[in-house]
Amino acid sequence: MSETNELAEKLKSEGEKFYAIFAALTDDQWQIEVYTEGATWTIRNVLSHFVTSERGLVKLFERIRTTGEGASDDFSIDRYNAAQQERTKDLPPRELLEQYKEVRSDSVAWVAGLKDEELEITGRHPFLGMTKIRDMIKMLYIHNQNHYRDLRKALK
C-alpha cells in the first residue's frame, strides 16, 4: 500500500470513529464546556472547529501542492478560529456533524489522490511553519486527537 493510501485510510478510520462519538451525544452533552480559558468552547464548538479548520487546511494543502504558496506570515490561527466560530454559531450540532462527515470524506479523497512524491512538497503551515505536506496531513489527525482527549475529560 502506498504512503498516501495509508494516510488516507488513517484519516478515514479516524473520521468514522469521531463521527460515531459525536453522533452518540445527547442534546445536553453538546453544551458541555471543554475549554474555558479565553473564549468558552463547548463540545459543539469543538465539532465546528473540526469542520472549519480541516476545510481550510485542505484548501491550503492544495494551494501548497499546486503553487508552493502556504499560509501568509501574518496569518493568525486565533483570529481564523474566532471568525469561523462566529460564522458557524447558528448551525445545529447535527448539521455540523453532516458537514464533518463531508469534509473528512473530501480530505480522504484529496489525500488518496496524491502521488507519494507530492508528500515531500514543502510549504508554510499556520501552526507547524515550513514543513512537508506529509506532516501537514498527519497533523490533521493529531490535531483532532488532542481535542478529543480534552473533550473526553469534559464528558467525565
# chains A, B, ... in the order shown; residues from 1 in each chain; ligands from 1

$ residues_around --residues "segment 53-61 of chain A" --least-positions-apart "3" --cutoff "9 Å" --atoms "only C-alpha atoms" --output "list in words"
Ser48, His49, Phe50, Ile64, Arg65, Thr66, Glu69, Gly70, Ala71, Tyr80, Asn81, Gln84, Tyr100, Val103, Arg104, Asp106, Ser107, Trp110, Gly123, His125, Pro126, Ile133, Met136, Ile137 and Leu140 of chain A

$ write_last_selection --atoms "N, CA and C atoms" --output "short mmCIF file (atom, residue, chain, number, x, y, z; two decimals), in the first residue's frame"
data_model
loop_
_atom_site.label_atom_id
_atom_site.label_comp_id
_atom_site.auth_asym_id
_atom_site.auth_seq_id
_atom_site.Cartn_x
_atom_site.Cartn_y
_atom_site.Cartn_z
N SER A 48 -17.46 22.17 15.45
CA SER A 48 -17.40 23.26 14.47
C SER A 48 -15.94 23.52 14.08
N HIS A 49 -15.07 23.50 15.05
CA HIS A 49 -13.64 23.70 14.79
C HIS A 49 -13.07 22.59 13.92
N PHE A 50 -13.46 21.34 14.18
CA PHE A 50 -13.01 20.24 13.33
C PHE A 50 -13.40 20.50 11.87
N ILE A 64 -0.55 24.73 -1.64
CA ILE A 64 0.87 24.42 -1.50
C ILE A 64 1.28 23.41 -2.57
N ARG A 65 0.45 22.40 -2.78
CA ARG A 65 0.78 21.37 -3.78
C ARG A 65 0.89 21.97 -5.18
N THR A 66 0.00 22.87 -5.51
CA THR A 66 -0.04 23.39 -6.88
C THR A 66 0.82 24.62 -7.12
N GLU A 69 2.71 28.02 -2.50
CA GLU A 69 2.37 29.08 -1.56
C GLU A 69 1.64 28.50 -0.36
N GLY A 70 2.13 28.84 0.82
CA GLY A 70 1.50 28.38 2.05
C GLY A 70 0.78 29.52 2.75
N ALA A 71 0.58 29.36 4.04
CA ALA A 71 -0.07 30.39 4.85
C ALA A 71 0.81 31.63 4.87
N TYR A 80 -8.53 33.36 12.90
CA TYR A 80 -9.24 32.46 11.99
C TYR A 80 -10.28 31.64 12.76
N ASN A 81 -9.85 31.02 13.87
CA ASN A 81 -10.77 30.19 14.64
C ASN A 81 -11.94 31.00 15.18
N GLN A 84 -14.34 31.74 12.35
CA GLN A 84 -15.07 30.55 11.93
C GLN A 84 -16.13 30.16 12.97
N TYR A 100 -19.04 17.65 8.98
CA TYR A 100 -17.80 16.96 9.34
C TYR A 100 -17.62 15.71 8.47
N VAL A 103 -16.62 16.92 4.98
CA VAL A 103 -15.26 17.49 4.96
C VAL A 103 -14.22 16.38 5.07
N ARG A 104 -14.46 15.44 5.98
CA ARG A 104 -13.49 14.35 6.15
C ARG A 104 -13.46 13.48 4.91
N ASP A 106 -13.98 14.45 1.86
CA ASP A 106 -13.22 15.23 0.88
C ASP A 106 -11.72 15.17 1.17
N SER A 107 -11.36 15.24 2.45
CA SER A 107 -9.94 15.17 2.84
C SER A 107 -9.34 13.82 2.47
N TRP A 110 -8.84 13.68 -1.22
CA TRP A 110 -7.71 14.52 -1.65
C TRP A 110 -6.39 13.80 -1.38
N GLY A 123 5.70 23.69 2.31
CA GLY A 123 5.03 24.97 2.35
C GLY A 123 4.84 25.40 3.79
N HIS A 125 2.75 25.95 6.92
CA HIS A 125 1.56 25.57 7.66
C HIS A 125 1.35 26.62 8.76
N PRO A 126 0.11 27.00 9.08
CA PRO A 126 -0.11 28.06 10.06
C PRO A 126 0.39 27.73 11.47
N ILE A 133 4.04 18.40 3.13
CA ILE A 133 2.62 18.05 3.08
C ILE A 133 2.36 16.79 3.91
N MET A 136 1.79 17.81 7.37
CA MET A 136 0.54 18.56 7.48
C MET A 136 -0.65 17.60 7.55
N ILE A 137 -0.61 16.56 6.73
CA ILE A 137 -1.70 15.57 6.74
C ILE A 137 -1.73 14.86 8.09
N LEU A 140 -3.50 16.70 10.74
CA LEU A 140 -4.98 16.68 10.75
C LEU A 140 -5.50 15.71 11.82
#

$ residues_around --residues "Asp150 of chain A" --least-positions-apart "2" --cutoff "12 Å" --atoms "only C-alpha atoms" --output "VMD selection string"
chain A and resid 32 to 36 41 to 43 46 143 to 148 152 to 156

$ select_by_dssp --residues "segment 64-135 of chain A" --states "helix (DSSP H, G or I)" --output "ChimeraX atom specification"
/A:64-67,77-87,93-112,116-120,133-135

$ write_last_selection --atoms "N, CA and C atoms" --output "short mmCIF file (atom, residue, chain, number, x, y, z; two decimals), in the first residue's frame"
data_model
loop_
_atom_site.label_atom_id
_atom_site.label_comp_id
_atom_site.auth_asym_id
_atom_site.auth_seq_id
_atom_site.Cartn_x
_atom_site.Cartn_y
_atom_site.Cartn_z
N ILE A 64 -0.55 24.73 -1.64
CA ILE A 64 0.87 24.42 -1.50
C ILE A 64 1.28 23.41 -2.57
N ARG A 65 0.45 22.40 -2.78
CA ARG A 65 0.78 21.37 -3.78
C ARG A 65 0.89 21.97 -5.18
N THR A 66 0.00 22.87 -5.51
CA THR A 66 -0.04 23.39 -6.88
C THR A 66 0.82 24.62 -7.12
N THR A 67 1.00 25.43 -6.08
CA THR A 67 1.72 26.69 -6.28
C THR A 67 2.95 26.86 -5.39
N ILE A 77 -3.95 32.02 13.67
CA ILE A 77 -4.84 30.89 13.95
C ILE A 77 -5.98 31.33 14.86
N ASP A 78 -5.67 32.14 15.86
CA ASP A 78 -6.70 32.58 16.80
C ASP A 78 -7.78 33.42 16.11
N ARG A 79 -7.36 34.34 15.25
CA ARG A 79 -8.33 35.16 14.52
C ARG A 79 -9.18 34.29 13.60
N TYR A 80 -8.53 33.36 12.90
CA TYR A 80 -9.24 32.46 11.99
C TYR A 80 -10.28 31.64 12.76
N ASN A 81 -9.85 31.02 13.87
CA ASN A 81 -10.77 30.19 14.64
C ASN A 81 -11.94 31.00 15.18
N ALA A 82 -11.67 32.20 15.68
CA ALA A 82 -12.75 33.05 16.20
C ALA A 82 -13.73 33.41 15.09
N ALA A 83 -13.22 33.76 13.93
CA ALA A 83 -14.09 34.12 12.80
C ALA A 83 -14.93 32.93 12.36
N GLN A 84 -14.34 31.74 12.35
CA GLN A 84 -15.07 30.55 11.93
C GLN A 84 -16.13 30.16 12.97
N GLN A 85 -15.82 30.34 14.25
CA GLN A 85 -16.82 30.06 15.29
C GLN A 85 -18.00 31.02 15.14
N GLU A 86 -17.72 32.27 14.85
CA GLU A 86 -18.79 33.25 14.64
C GLU A 86 -19.64 32.87 13.42
N ARG A 87 -18.96 32.45 12.37
CA ARG A 87 -19.66 32.11 11.12
C ARG A 87 -20.56 30.89 11.28
N PRO A 93 -25.88 21.19 15.98
CA PRO A 93 -24.89 20.11 16.01
C PRO A 93 -25.06 19.07 14.92
N ARG A 94 -26.27 18.69 14.62
CA ARG A 94 -26.49 17.64 13.60
C ARG A 94 -26.05 18.12 12.22
N GLU A 95 -26.24 19.40 11.93
CA GLU A 95 -25.77 19.95 10.65
C GLU A 95 -24.24 19.95 10.62
N LEU A 96 -23.62 20.33 11.73
CA LEU A 96 -22.16 20.31 11.81
C LEU A 96 -21.64 18.88 11.65
N LEU A 97 -22.35 17.94 12.21
CA LEU A 97 -21.94 16.54 12.10
C LEU A 97 -21.96 16.08 10.64
N GLU A 98 -22.98 16.47 9.91
CA GLU A 98 -23.04 16.12 8.48
C GLU A 98 -21.92 16.83 7.71
N GLN A 99 -21.65 18.07 8.08
CA GLN A 99 -20.55 18.78 7.42
C GLN A 99 -19.21 18.12 7.74
N TYR A 100 -19.04 17.65 8.98
CA TYR A 100 -17.80 16.96 9.34
C TYR A 100 -17.62 15.71 8.47
N LYS A 101 -18.69 14.95 8.32
CA LYS A 101 -18.64 13.74 7.51
C LYS A 101 -18.21 14.08 6.07
N GLU A 102 -18.77 15.14 5.52
CA GLU A 102 -18.46 15.56 4.16
C GLU A 102 -17.02 16.08 4.04
N VAL A 103 -16.62 16.92 4.98
CA VAL A 103 -15.26 17.49 4.96
C VAL A 103 -14.22 16.38 5.07
N ARG A 104 -14.46 15.44 5.98
CA ARG A 104 -13.49 14.35 6.15
C ARG A 104 -13.46 13.48 4.91
N SER A 105 -14.58 13.21 4.31
CA SER A 105 -14.61 12.43 3.07
C SER A 105 -13.82 13.14 1.97
N ASP A 106 -13.98 14.45 1.86
CA ASP A 106 -13.22 15.23 0.88
C ASP A 106 -11.72 15.17 1.17
N SER A 107 -11.36 15.24 2.45
CA SER A 107 -9.94 15.17 2.84
C SER A 107 -9.34 13.82 2.47
N VAL A 108 -10.07 12.76 2.76
CA VAL A 108 -9.60 11.41 2.44
C VAL A 108 -9.40 11.28 0.93
N ALA A 109 -10.36 11.76 0.16
CA ALA A 109 -10.25 11.68 -1.30
C ALA A 109 -9.06 12.50 -1.80
N TRP A 110 -8.84 13.68 -1.22
CA TRP A 110 -7.71 14.52 -1.65
C TRP A 110 -6.39 13.80 -1.38
N VAL A 111 -6.25 13.27 -0.17
CA VAL A 111 -5.01 12.58 0.19
C VAL A 111 -4.81 11.35 -0.68
N ALA A 112 -5.86 10.58 -0.90
CA ALA A 112 -5.76 9.36 -1.72
C ALA A 112 -5.36 9.70 -3.16
N ASP A 116 2.81 9.77 -4.06
CA ASP A 116 3.68 9.71 -2.89
C ASP A 116 4.74 10.81 -2.90
N GLU A 117 5.27 11.14 -4.08
CA GLU A 117 6.32 12.17 -4.13
C GLU A 117 5.78 13.56 -3.77
N GLU A 118 4.47 13.76 -3.91
CA GLU A 118 3.90 15.06 -3.54
C GLU A 118 3.87 15.27 -2.03
N LEU A 119 4.02 14.20 -1.26
CA LEU A 119 4.11 14.32 0.19
C LEU A 119 5.36 15.09 0.61
N GLU A 120 6.33 15.17 -0.28
CA GLU A 120 7.59 15.87 0.01
C GLU A 120 7.53 17.37 -0.25
N ILE A 133 4.04 18.40 3.13
CA ILE A 133 2.62 18.05 3.08
C ILE A 133 2.36 16.79 3.91
N ARG A 134 3.25 15.85 3.89
CA ARG A 134 3.11 14.62 4.69
C ARG A 134 2.82 14.97 6.15
N ASP A 135 3.63 15.88 6.71
CA ASP A 135 3.47 16.23 8.12
C ASP A 135 2.20 17.04 8.36
#

$ select_by_dssp --residues "segment 89-129 of chain A" --states "strand (DSSP E)" --output "PyMOL selection string"
chain A and resi 122-125+129

$ write_last_selection --atoms "N, CA and C atoms" --output "compact mmCIF listing (two decimals), in the first residue's frame"
# COMPACT_ATOMS: atom_id res chain seq x y z
N THR A 122 7.00 21.14 0.20
CA THR A 122 7.08 21.94 1.42
C THR A 122 6.35 23.27 1.25
N GLY A 123 5.70 23.69 2.31
CA GLY A 123 5.03 24.97 2.35
C GLY A 123 4.84 25.40 3.79
N ARG A 124 4.29 26.59 3.96
CA ARG A 124 4.10 27.12 5.32
C ARG A 124 2.73 26.75 5.86
N HIS A 125 2.75 25.95 6.92
CA HIS A 125 1.56 25.57 7.66
C HIS A 125 1.35 26.62 8.76
N GLY A 129 4.66 25.82 10.70
CA GLY A 129 5.65 26.59 9.96
C GLY A 129 6.00 25.85 8.67
